[in-house]
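Engineer: Data file model-v2.csv (CSV, C-alpha atoms and all ligand atoms) is appended below.
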chain,number,residue,atom,x,y,z
A,1356,MET,CA,8.2,6.0,23.6
A,1357,LYS,CA,4.6,5.5,24.4
A,1358,PRO,CA,1.8,6.7,22.1
A,1359,PRO,CA,0.1,10.0,22.9
A,1360,PRO,CA,-3.4,9.7,24.5
A,1361,PHE,CA,-6.3,8.7,22.2
A,1362,GLU,CA,-9.8,7.4,22.5
A,1363,TYR,CA,-10.2,3.8,21.3
A,1364,HIS,CA,-13.2,2.7,19.3
A,1365,ALA,CA,-13.9,-0.9,18.0
A,1366,PRO,CA,-16.9,-1.0,15.7
A,1367,THR,CA,-18.3,-4.4,14.7
A,1368,THR,CA,-20.0,-3.4,11.5
A,1369,LEU,CA,-19.0,-1.4,8.5
A,1370,ASP,CA,-21.9,1.0,8.9
A,1371,GLU,CA,-20.9,1.6,12.5
A,1372,ALA,CA,-17.3,2.2,11.4
A,1373,CYS,CA,-18.4,4.7,8.7
A,1374,SER,CA,-20.7,6.7,11.0
A,1375,LEU,CA,-17.9,6.9,13.6
A,1376,LEU,CA,-15.5,8.2,11.0
A,1377,ALA,CA,-18.1,10.8,9.9
A,1378,SER,CA,-18.7,12.0,13.5
A,1379,LEU,CA,-15.3,11.9,15.1
A,1380,GLU,CA,-12.7,14.6,14.6
A,1381,GLU,CA,-9.0,13.6,13.9
A,1382,ALA,CA,-9.8,9.9,13.7
A,1383,LYS,CA,-7.5,7.3,12.2
A,1384,VAL,CA,-8.4,3.8,11.0
A,1385,LEU,CA,-6.3,1.0,12.7
A,1386,ALA,CA,-6.0,-2.0,10.4
A,1387,GLY,CA,-2.8,-4.1,10.8
A,1388,GLY,CA,-1.1,-1.4,12.9
A,1389,GLN,CA,2.3,-2.2,11.3
A,1390,SER,CA,2.8,1.4,10.2
A,1391,LEU,CA,0.4,3.3,12.4
A,1392,ILE,CA,1.6,1.9,15.8
A,1393,PRO,CA,5.2,2.8,15.2
A,1394,LEU,CA,4.1,6.3,14.1
A,1395,LEU,CA,2.1,6.7,17.3
A,1396,ASN,CA,5.0,5.4,19.4
A,1397,PHE,CA,7.3,7.9,17.8
A,1398,ARG,CA,4.6,10.6,18.2
A,1399,LEU,CA,4.7,11.3,14.5
A,1400,ALA,CA,0.9,10.8,14.5
A,1401,ARG,CA,-1.4,12.2,17.1
A,1402,PRO,CA,-4.9,11.2,16.2
A,1403,ARG,CA,-7.6,11.9,18.9
A,1404,HIS,CA,-9.5,8.8,18.0
A,1405,LEU,CA,-8.4,5.3,16.9
A,1406,LEU,CA,-10.9,3.3,14.9
A,1407,ASP,CA,-9.9,-0.3,15.2
A,1408,ILE,CA,-11.6,-2.1,12.3
A,1409,ASN,CA,-10.3,-5.6,13.2
A,1410,ARG,CA,-13.6,-6.6,14.8
A,1411,VAL,CA,-15.7,-5.7,11.7
A,1412,ALA,CA,-17.0,-9.1,10.5
A,1413,GLY,CA,-16.8,-10.2,6.8
A,1414,LEU,CA,-14.2,-7.7,5.7
A,1415,ASP,CA,-11.3,-10.0,5.0
A,1416,ARG,CA,-12.2,-11.7,1.7
A,1417,ILE,CA,-9.8,-12.2,-1.2
A,1418,TYR,CA,-11.8,-13.1,-4.2
A,1419,GLU,CA,-12.0,-12.9,-8.0
A,1420,ARG,CA,-13.9,-10.0,-9.4
A,1421,ASP,CA,-14.1,-8.7,-13.0
A,1422,GLY,CA,-11.2,-11.0,-14.0
A,1423,GLY,CA,-8.9,-9.5,-11.3
A,1424,ILE,CA,-8.3,-9.9,-7.6
A,1425,ALA,CA,-10.3,-8.0,-4.9
A,1426,VAL,CA,-8.8,-7.7,-1.5
A,1427,GLU,CA,-11.1,-6.4,1.3
A,1428,ALA,CA,-9.9,-4.0,4.1
A,1429,LEU,CA,-8.9,-6.8,6.5
A,1430,GLY,CA,-7.2,-9.0,3.8
A,1431,ARG,CA,-3.8,-9.6,5.4
A,1432,GLN,CA,-0.7,-9.4,3.3
A,1433,ALA,CA,0.2,-13.0,4.4
A,1434,ALA,CA,-3.2,-14.3,3.2
A,1435,VAL,CA,-2.5,-12.8,-0.2
A,1436,GLU,CA,0.9,-14.4,-0.2
A,1437,ASP,CA,-0.6,-17.8,0.6
A,1438,SER,CA,-3.5,-17.5,-1.8
A,1439,ASP,CA,-3.7,-20.0,-4.7
A,1440,LEU,CA,-6.2,-17.7,-6.4
A,1441,VAL,CA,-3.8,-14.8,-6.3
A,1442,ALA,CA,-1.0,-17.0,-7.6
A,1443,ARG,CA,-3.2,-18.0,-10.6
A,1444,VAL,CA,-4.9,-14.7,-11.4
A,1445,CYS,CA,-2.4,-12.0,-10.3
A,1446,PRO,CA,1.0,-13.6,-9.6
A,1447,LEU,CA,2.5,-10.1,-9.8
A,1448,LEU,CA,0.6,-9.2,-6.6
A,1449,GLY,CA,1.7,-12.5,-5.0
A,1450,GLU,CA,5.3,-11.8,-5.8
A,1451,ALA,CA,5.2,-8.2,-4.7
A,1452,VAL,CA,3.7,-8.9,-1.3
A,1453,ARG,CA,6.6,-11.2,-0.5
A,1454,LEU,CA,8.9,-8.2,-0.7
A,1455,VAL,CA,6.9,-6.3,1.9
A,1456,ALA,CA,8.9,-6.4,5.2
A,1457,HIS,CA,9.0,-9.9,7.0
A,1458,ARG,CA,6.4,-12.6,7.4
A,1459,VAL,CA,5.5,-11.5,11.0
A,1460,ILE,CA,4.7,-8.0,9.8
A,1461,ARG,CA,2.7,-9.4,6.8
A,1462,ASN,CA,0.6,-11.6,9.2
A,1463,ARG,CA,-1.0,-8.4,10.5
A,1464,GLY,CA,-0.4,-5.8,7.8
A,1465,THR,CA,-3.2,-5.4,5.3
A,1466,VAL,CA,-3.0,-4.7,1.6
A,1467,CYS,CA,-5.5,-1.9,1.9
A,1468,GLY,CA,-3.6,-0.4,4.8
A,1469,SER,CA,-0.5,-0.3,2.7
A,1470,LEU,CA,-2.3,1.5,-0.1
A,1471,ALA,CA,-4.0,4.0,2.3
A,1472,HIS,CA,-0.7,4.6,4.1
A,1473,ALA,CA,0.9,5.6,0.7
A,1474,ASP,CA,4.5,5.3,1.6
A,1475,PRO,CA,6.4,6.2,-1.6
A,1476,ALA,CA,8.9,3.3,-1.0
A,1477,SER,CA,6.1,0.7,-0.8
A,1478,GLU,CA,5.7,-2.0,-3.3
A,1479,LEU,CA,1.9,-2.4,-3.4
A,1480,PRO,CA,0.9,1.2,-4.5
A,1481,ALA,CA,3.3,0.8,-7.4
A,1482,VAL,CA,1.8,-2.6,-8.3
A,1483,LEU,CA,-1.7,-1.1,-8.2
A,1484,LEU,CA,-0.5,1.8,-10.5
A,1485,ALA,CA,1.3,-0.5,-13.0
A,1486,LEU,CA,-1.7,-2.7,-13.3
A,1487,GLY,CA,-4.2,0.2,-13.5
A,1488,GLY,CA,-6.2,-1.0,-10.5
A,1489,HIS,CA,-8.4,0.9,-8.1
A,1490,VAL,CA,-9.7,1.1,-4.5
A,1491,ILE,CA,-13.3,1.4,-3.3
A,1492,ALA,CA,-13.7,4.0,-0.6
A,1493,GLN,CA,-16.7,4.0,1.7
A,1494,SER,CA,-18.1,6.6,4.0
A,1495,ALA,CA,-21.5,7.4,5.5
A,1496,ARG,CA,-22.1,9.3,2.3
A,1497,GLY,CA,-21.7,6.1,0.1
A,1498,LYS,CA,-19.1,4.4,-2.0
A,1499,ARG,CA,-16.8,5.6,-4.7
A,1500,THR,CA,-14.1,4.1,-6.8
A,1501,ILE,CA,-10.7,5.8,-6.9
A,1502,ALA,CA,-8.4,4.8,-9.8
A,1503,ALA,CA,-4.7,4.1,-8.8
A,1504,ASP,CA,-3.5,7.1,-10.9
A,1505,GLN,CA,-5.8,9.4,-8.8
A,1506,LEU,CA,-5.2,7.8,-5.4
A,1507,PHE,CA,-1.6,8.8,-4.5
A,1508,ARG,CA,-1.2,12.5,-4.0
A,1509,GLY,CA,2.1,12.8,-2.0
A,1510,VAL,CA,4.2,11.3,0.8
A,1511,PHE,CA,1.7,9.5,3.0
A,1512,GLU,CA,-1.1,11.4,1.2
A,1513,THR,CA,-4.0,10.1,-0.8
A,1514,ALA,CA,-7.2,11.2,-2.3
A,1515,LEU,CA,-9.2,9.7,0.6
A,1516,GLU,CA,-11.4,12.1,2.5
A,1517,THR,CA,-11.1,12.1,6.3
A,1518,ASP,CA,-14.5,10.3,6.7
A,1519,GLU,CA,-13.6,7.6,4.1
A,1520,MET,CA,-12.0,4.2,4.5
A,1521,VAL,CA,-10.7,1.8,1.9
A,1522,VAL,CA,-13.0,-1.2,1.9
A,1523,GLU,CA,-11.5,-3.0,-1.1
A,1524,ALA,CA,-8.6,-2.9,-3.5
A,1525,TRP,CA,-8.9,-4.3,-6.9
A,1526,PHE,CA,-5.9,-5.5,-8.9
A,1527,PRO,CA,-6.4,-6.5,-12.6
A,1528,ALA,CA,-5.0,-9.9,-13.6
A,1529,SER,CA,-1.3,-9.7,-14.3
A,1530,PRO,CA,-0.4,-9.5,-17.9
A,1531,GLN,CA,2.6,-11.4,-19.2
A,1532,PRO,CA,5.4,-10.7,-18.9
A,1533,PHE,CA,5.6,-9.0,-15.5
A,1534,ALA,CA,8.3,-8.3,-13.0
A,1535,ILE,CA,8.9,-6.6,-9.7
A,1536,LEU,CA,12.5,-5.8,-8.9
A,1537,GLU,CA,13.9,-3.7,-6.0
A,1538,GLU,CA,17.1,-3.0,-4.2
A,1539,SER,CA,17.2,-2.7,-0.4
A,1540,ARG,CA,20.1,-2.7,2.1
A,1541,ARG,CA,18.8,-5.8,3.9
A,1542,HIS,CA,16.1,-8.4,3.2
A,1543,GLY,CA,12.8,-7.0,4.4
A,1544,ASP,CA,13.9,-3.4,4.5
A,1545,PHE,CA,12.0,-0.7,2.5
A,1546,ALA,CA,13.4,-0.5,-1.0
A,1547,LEU,CA,16.0,2.1,-1.9
A,1548,ALA,CA,14.3,2.0,-5.4
A,1549,GLY,CA,12.2,-0.4,-7.3
A,1550,VAL,CA,10.4,-1.1,-10.6
A,1551,VAL,CA,7.2,-2.9,-11.5
A,1552,ARG,CA,6.7,-4.1,-15.1
A,1553,ALA,CA,3.2,-5.1,-16.2
A,1554,ASP,CA,3.7,-6.0,-19.9
A,1555,THR,CA,4.6,-2.6,-21.5
A,1556,ARG,CA,3.7,-0.5,-18.4
A,1557,LEU,CA,6.3,0.5,-15.9
A,1558,ALA,CA,5.8,2.0,-12.5
A,1559,LEU,CA,8.6,3.1,-10.2
A,1560,PHE,CA,8.8,3.4,-6.4
A,1561,GLY,CA,11.2,4.9,-3.9
A,1562,VAL,CA,12.2,7.7,-6.3
A,1563,GLY,CA,9.6,10.4,-5.6
A,1564,SER,CA,6.8,11.5,-3.4
A,1565,THR,CA,4.4,8.9,-4.9
A,1566,PRO,CA,4.8,5.9,-7.2
A,1567,VAL,CA,5.1,7.0,-10.8
A,1568,LEU,CA,4.4,5.6,-14.2
A,1569,ALA,CA,7.4,5.9,-16.5
A,1570,ASP,CA,8.5,5.3,-20.0
A,1571,ARG,CA,10.8,2.3,-20.4
A,1572,SER,CA,13.0,4.1,-23.0
A,1573,ASP,CA,13.8,7.0,-20.6
A,1574,ALA,CA,12.7,5.8,-17.2
A,1575,THR,CA,14.4,8.4,-15.0
A,1576,ARG,CA,13.2,11.5,-17.0
A,1577,GLY,CA,11.8,14.2,-14.7
A,1578,LEU,CA,12.6,12.2,-11.5
A,1579,GLN,CA,14.1,14.1,-8.6
A,1580,PRO,CA,14.6,11.4,-5.9
A,1581,SER,CA,15.7,12.5,-2.5
A,1582,GLY,CA,19.0,11.5,-0.9
A,1583,ASP,CA,19.4,10.1,2.6
A,1584,LEU,CA,21.9,8.1,4.7
A,1585,GLU,CA,21.1,5.0,2.6
A,1586,ALA,CA,21.3,6.3,-0.9
A,1587,THR,CA,22.1,9.4,-2.9
A,1588,PRO,CA,19.7,10.7,-5.5
A,1589,ASP,CA,22.1,9.7,-8.2
A,1590,PHE,CA,22.4,6.1,-6.8
A,1591,ARG,CA,18.6,5.9,-6.8
A,1592,LEU,CA,18.5,7.0,-10.5
A,1593,HIS,CA,21.2,4.5,-11.3
A,1594,LEU,CA,19.1,1.7,-9.6
A,1595,VAL,CA,16.1,2.6,-11.6
A,1596,ARG,CA,18.0,2.4,-14.9
A,1597,VAL,CA,19.5,-1.0,-14.0
A,1598,LEU,CA,16.3,-2.5,-12.6
A,1599,THR,CA,14.3,-1.3,-15.6
A,1600,GLU,CA,16.7,-2.9,-18.0
A,1601,LYS,CA,16.6,-6.1,-16.1
A,1602,ALA,CA,12.8,-6.1,-15.8
A,1603,PHE,CA,12.4,-5.8,-19.6
A,1604,ALA,CA,15.2,-8.3,-20.3
A,1605,ALA,CA,13.6,-10.9,-18.1
A,1701,LIG,C1,10.0,-3.2,10.2
A,1701,LIG,C2,9.0,-2.9,9.1
A,1701,LIG,C3,9.3,-3.0,7.8
A,1701,LIG,C4,8.4,-2.7,6.8
A,1701,LIG,N1,8.8,-2.9,5.5
A,1701,LIG,C5,7.9,-2.6,4.5
A,1701,LIG,C6,8.2,-2.7,3.2
A,1701,LIG,O1,9.3,-3.2,2.8
A,1701,LIG,N2,7.3,-2.4,2.2
A,1701,LIG,C7,6.1,-1.9,2.6
A,1701,LIG,O2,5.3,-1.6,1.7
A,1701,LIG,N3,5.7,-1.8,3.9
A,1701,LIG,C8,6.6,-2.1,4.8
A,1701,LIG,N4,6.2,-2.0,6.1
A,1701,LIG,C9,4.8,-1.5,6.5
A,1701,LIG,C10,3.8,-2.6,6.5
A,1701,LIG,O3,3.6,-3.2,5.2
A,1701,LIG,C11,2.4,-2.1,6.9
A,1701,LIG,O4,1.7,-3.3,7.1
A,1701,LIG,C12,1.6,-1.3,5.9
A,1701,LIG,O5,2.2,-0.2,5.4
A,1701,LIG,C13,0.3,-0.8,6.5
A,1701,LIG,O6,-0.7,-1.7,6.6
A,1701,LIG,P1,-1.4,-1.9,8.0
A,1701,LIG,O7,-2.6,-2.8,7.8
A,1701,LIG,O8,-0.5,-2.4,9.1
A,1701,LIG,O9,-1.9,-0.4,8.3
A,1701,LIG,P2,-2.0,0.4,9.7
A,1701,LIG,O10,-0.6,0.5,10.3
A,1701,LIG,O11,-3.0,-0.1,10.5
A,1701,LIG,O12,-2.4,1.8,9.1
A,1701,LIG,C14,-1.5,2.6,8.3
A,1701,LIG,C15,-2.2,3.9,7.8
A,1701,LIG,O13,-3.2,3.5,6.9
A,1701,LIG,C16,-4.5,3.9,7.4
A,1701,LIG,N5,-5.4,2.8,7.0
A,1701,LIG,C17,-5.2,1.5,7.3
A,1701,LIG,N6,-6.2,0.8,6.7
A,1701,LIG,C18,-7.1,1.7,6.2
A,1701,LIG,C19,-8.3,1.6,5.5
A,1701,LIG,N7,-8.8,0.4,5.2
A,1701,LIG,N8,-8.9,2.7,5.0
A,1701,LIG,C20,-8.3,3.9,5.3
A,1701,LIG,N9,-7.2,4.1,5.9
A,1701,LIG,C21,-6.5,3.0,6.4
A,1701,LIG,C22,-4.3,4.1,8.9
A,1701,LIG,O14,-5.2,5.0,9.4
A,1701,LIG,C23,-2.9,4.6,8.9
A,1701,LIG,O15,-2.8,6.0,8.6
A,1701,LIG,C24,7.1,-2.3,7.2
A,1701,LIG,C25,6.7,-2.2,8.5
A,1701,LIG,C26,7.6,-2.5,9.5
A,1701,LIG,C27,7.2,-2.4,10.9
What does this structure look like when you write it as structure tokens?
Ligand SMILES: Cc1cc2nc3c(=O)[nH]c(=O)nc-3n(C[C@H](O)[C@H](O)[C@H](O)COP(=O)(O)OP(=O)(O)OC[C@H]3O[C@@H](n4cnc5c(N)ncnc54)[C@H](O)[C@@H]3O)c2cc1C

Structural biologist:
Amino acid sequence: MKPPPFEYHAPTTLDEACSLLASLEEAKVLAGGQSLIPLLNFRLARPRHLLDINRVAGLDRIYERDGGIAVEALGRQAAVEDSDLVARVCPLLGEAVRLVAHRVIRNRGTVCGSLAHADPASELPAVLLALGGHVIAQSARGKRTIAADQLFRGVFETALETDEMVVEAWFPASPQPFAILEESRRHGDFALAGVVRADTRLALFGVGSTPVLADRSDATRGLQPSGDLEATPDFRLHLVRVLTEKAFAA
């Protein structure tokens, strides 16, 4: 299918992007387009305005900040994958990003876009949560920091206001030991369920409406995963138990 009609905007500065977001109704930021474009084509999203941020200069840095890794809004997943800095400071992030889809998708897909999209089966939101990272949201009103445990509110739902965009994600350095393990039907598919271990902290993905922090000794307590053609709720719970055991045995 073709996308529904929308008005296209391509700001070249962050200030311009923020003032457009403040003034336009029903606008969506377009970053890598790897989730948004399919949603438009299936007509599951019908924004009146698309705000393509790809021409905003100087928004693609991946750099060390406060002992962790900061990834700006146009920091591509593939660039994070290839980064020696990420491999040294936050190898958990480097490993996690390799599990996201396929390289061609990661060439365009952004880390901040994945966090803003908040797919409950995504790896990067769970990594941000396990590490206790945050995002910086910017609007014409200013900047604010949103901690990972405040960011994810539901399926494809975050604490971002409609006039805000994520300008940076910050991942603390990975503690040792760490692990990210998931099970999917085919390489590159979204995970049926997955776990992220950051020392004693454990975050789960694919088993609820958001990524969740869990207790290693009783990882599935309170979980009510949904079932679909790919996996029953019980199978997802089973995967969480097995993957948690493996992550802590590693
Ligand atoms: C075949 C396929 C397989 C995939 N498999 C996986 C997988 O296994 N794991 C996984 O995690 N993902 C997977 N993805 C999704 C992919 O990782 C996307 O790149 C990612 O979810 C979104 O990043 P993006 O930059 O492409 O965002 P876009 O598609 O441009 O945007 C996605 C959403 O986030 C919003 N957004 C984007 N950037 C910002 C920002 N800076 N501030 C505010 N809002 C913003 C957009 O408005 C939109 O609502 C897959 C995609 C495909 C097509």

Engineer: Which residues come within 7 Å of region 1565-1582 of chain A, counting only C-alpha atoms, excluding same-chain residues fewer than 5 positions away, as a PDB file with C-alpha atoms, in the coordinates of the input?

Structural biologist:
ATOM      1  CA  PRO A1475       6.400   6.200  -1.600  1.00  0.00           C
ATOM      2  CA  PRO A1480       0.900   1.200  -4.500  1.00  0.00           C
ATOM      3  CA  ALA A1481       3.300   0.800  -7.400  1.00  0.00           C
ATOM      4  CA  ALA A1485       1.300  -0.500 -13.000  1.00  0.00           C
ATOM      5  CA  PHE A1507      -1.600   8.800  -4.500  1.00  0.00           C
ATOM      6  CA  ARG A1508      -1.200  12.500  -4.000  1.00  0.00           C
ATOM      7  CA  GLY A1509       2.100  12.800  -2.000  1.00  0.00           C
ATOM      8  CA  VAL A1510       4.200  11.300   0.800  1.00  0.00           C
ATOM      9  CA  LEU A1557       6.300   0.500 -15.900  1.00  0.00           C
ATOM     10  CA  ALA A1558       5.800   2.000 -12.500  1.00  0.00           C
ATOM     11  CA  LEU A1559       8.600   3.100 -10.200  1.00  0.00           C
ATOM     12  CA  PHE A1560       8.800   3.400  -6.400  1.00  0.00           C
ATOM     13  CA  THR A1587      22.100   9.400  -2.900  1.00  0.00           C
ATOM     14  CA  PRO A1588      19.700  10.700  -5.500  1.00  0.00           C
ATOM     15  CA  ARG A1591      18.600   5.900  -6.800  1.00  0.00           C
ATOM     16  CA  LEU A1592      18.500   7.000 -10.500  1.00  0.00           C
ATOM     17  CA  VAL A1595      16.100   2.600 -11.600  1.00  0.00           C
ATOM     18  CA  ARG A1596      18.000   2.400 -14.900  1.00  0.00           C
ATOM     19  CA  THR A1599      14.300  -1.300 -15.600  1.00  0.00           C
TER      20      THR A1599
END

Engineer: Which chains and residue numbers are within 6 Å of ligand LIG 1701 (chain A), counting only C-alpha atoms and all ligand atoms, if I want them as a PyMOL selection string?

Structural biologist: chain A and resi 1383-1391+1428+1455-1456+1464-1465+1467-1469+1471-1472+1477-1478+1520-1522+1543-1545

Engineer: Fewer than 3 positions away in the same chain doesn't count, so skip those; otherwise give me all residues within 7 Å of region 1439-1450 of chain A, counting all atoms listed in the file, as a list of chain:residue names.

Structural biologist: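 Here the qualifying residues turn out to be A:Gly1423, A:Ile1424, A:Val1435, A:Glu1436, A:Arg1453, A:Val1482, A:Ala1528, A:Ser1529, A:Phe1533, A:Ala1534.
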
Engineer: Quick one: residues within 10 Å of Lys1357 (chain A), only C-alpha atoms counted, chain neighbours fewer than 4 positions away excluded, as a ChimeraX atom specification?

Structural biologist: /A:1392-1393,1395-1398

Engineer: Print the selection's residues with C-alpha atoms to a file, as a compact mmCIF listing (two decimals), keeping the file's coordinate frame.

Structural biologist:
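Writing the result to selection.txt gives the following:
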# COMPACT_ATOMS: atom_id res chain seq x y z
CA ILE A 1392 1.60 1.90 15.80
CA PRO A 1393 5.20 2.80 15.20
CA LEU A 1395 2.10 6.70 17.30
CA ASN A 1396 5.00 5.40 19.40
CA PHE A 1397 7.30 7.90 17.80
CA ARG A 1398 4.60 10.60 18.20

Engineer: Determine the nearest neighbour of Ile1491 (chain A) from the options A:Pro1527, A:Arg1540, A:Val1459, A:Val1426, counting all atoms listed in the file.

Structural biologist: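 Among the listed residues, A:Val1426 lies closest to Ile1491 (chain A).
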
Engineer: Using CA of Arg1552 (chain A) and CA of Trp1525 (chain A) as the two end points, give the distance in Å to one decimal.

Structural biologist: 17.6 Å

Engineer: Could you check which of A:Leu1406, A:Ala1434, A:Val1550, A:Leu1594 is closest to Ala1377 (chain A), using all atoms listed in the file?

Structural biologist: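 Once distances to Ala1377 (chain A) are computed over all atoms listed in the file, the minimum belongs to A:Leu1406.
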
Engineer: Considering only C-alpha atoms, can you say which of A:Gln1493, A:Asn1409, A:Thr1517, A:Gln1505 comes closest to Glu1380 (chain A)?

Structural biologist: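 Going through A:Gln1493, A:Asn1409, A:Thr1517, A:Gln1505 one by one, the smallest distance to Glu1380 (chain A) is for A:Thr1517.
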
Engineer: Select, from A:Leu1484, A:Cys1373, A:Leu1470, A:Leu1479, the residue with the minimum atom-to-atom distance to Ala1451 (chain A), counting all atoms listed in the file.

Structural biologist: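 That would be A:Leu1479, the residue with the smallest distance to Ala1451 (chain A).
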
Engineer: Record the distance separating CA of Gly1430 (chain A) and CA of Ile1417 (chain A), expressed in Å with one decimal.

Structural biologist: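 That distance, rounded to one decimal, is 6.5 Å.
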
Engineer: So, counting all atoms listed in the file, which residue among A:Leu1405, A:Leu1376, A:Leu1486, A:Ala1433 is closest to Arg1461 (chain A)?

Structural biologist: A:Ala1433

Engineer: I'd like to know which of A:Leu1379, A:Arg1410, A:Phe1511, A:Arg1401 is closest to Thr1367 (chain A), using only C-alpha atoms.

Structural biologist: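 Of the candidates, the smallest distance to Thr1367 (chain A) is held by A:Arg1410.
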
Engineer: Near Ala1495 (chain A), within 10 Å and counting all atoms listed in the file, which residues show up once chain neighbours fewer than 3 positions away are dropped, as a list in words?

Structural biologist: Leu1369, Asp1370, Glu1371, Ala1372, Cys1373, Ser1374, Leu1375, Leu1376, Ala1377, Ser1378, Lys1498, Asp1518 and Glu1519 of chain A

Engineer: As an exercise, work out the distance from CA of Ala1473 (chain A) to CA of Thr1368 (chain A) in Å and give it to one decimal place.

Structural biologist: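 Between CA of Ala1473 (chain A) and CA of Thr1368 (chain A) the gap is 25.2 Å.
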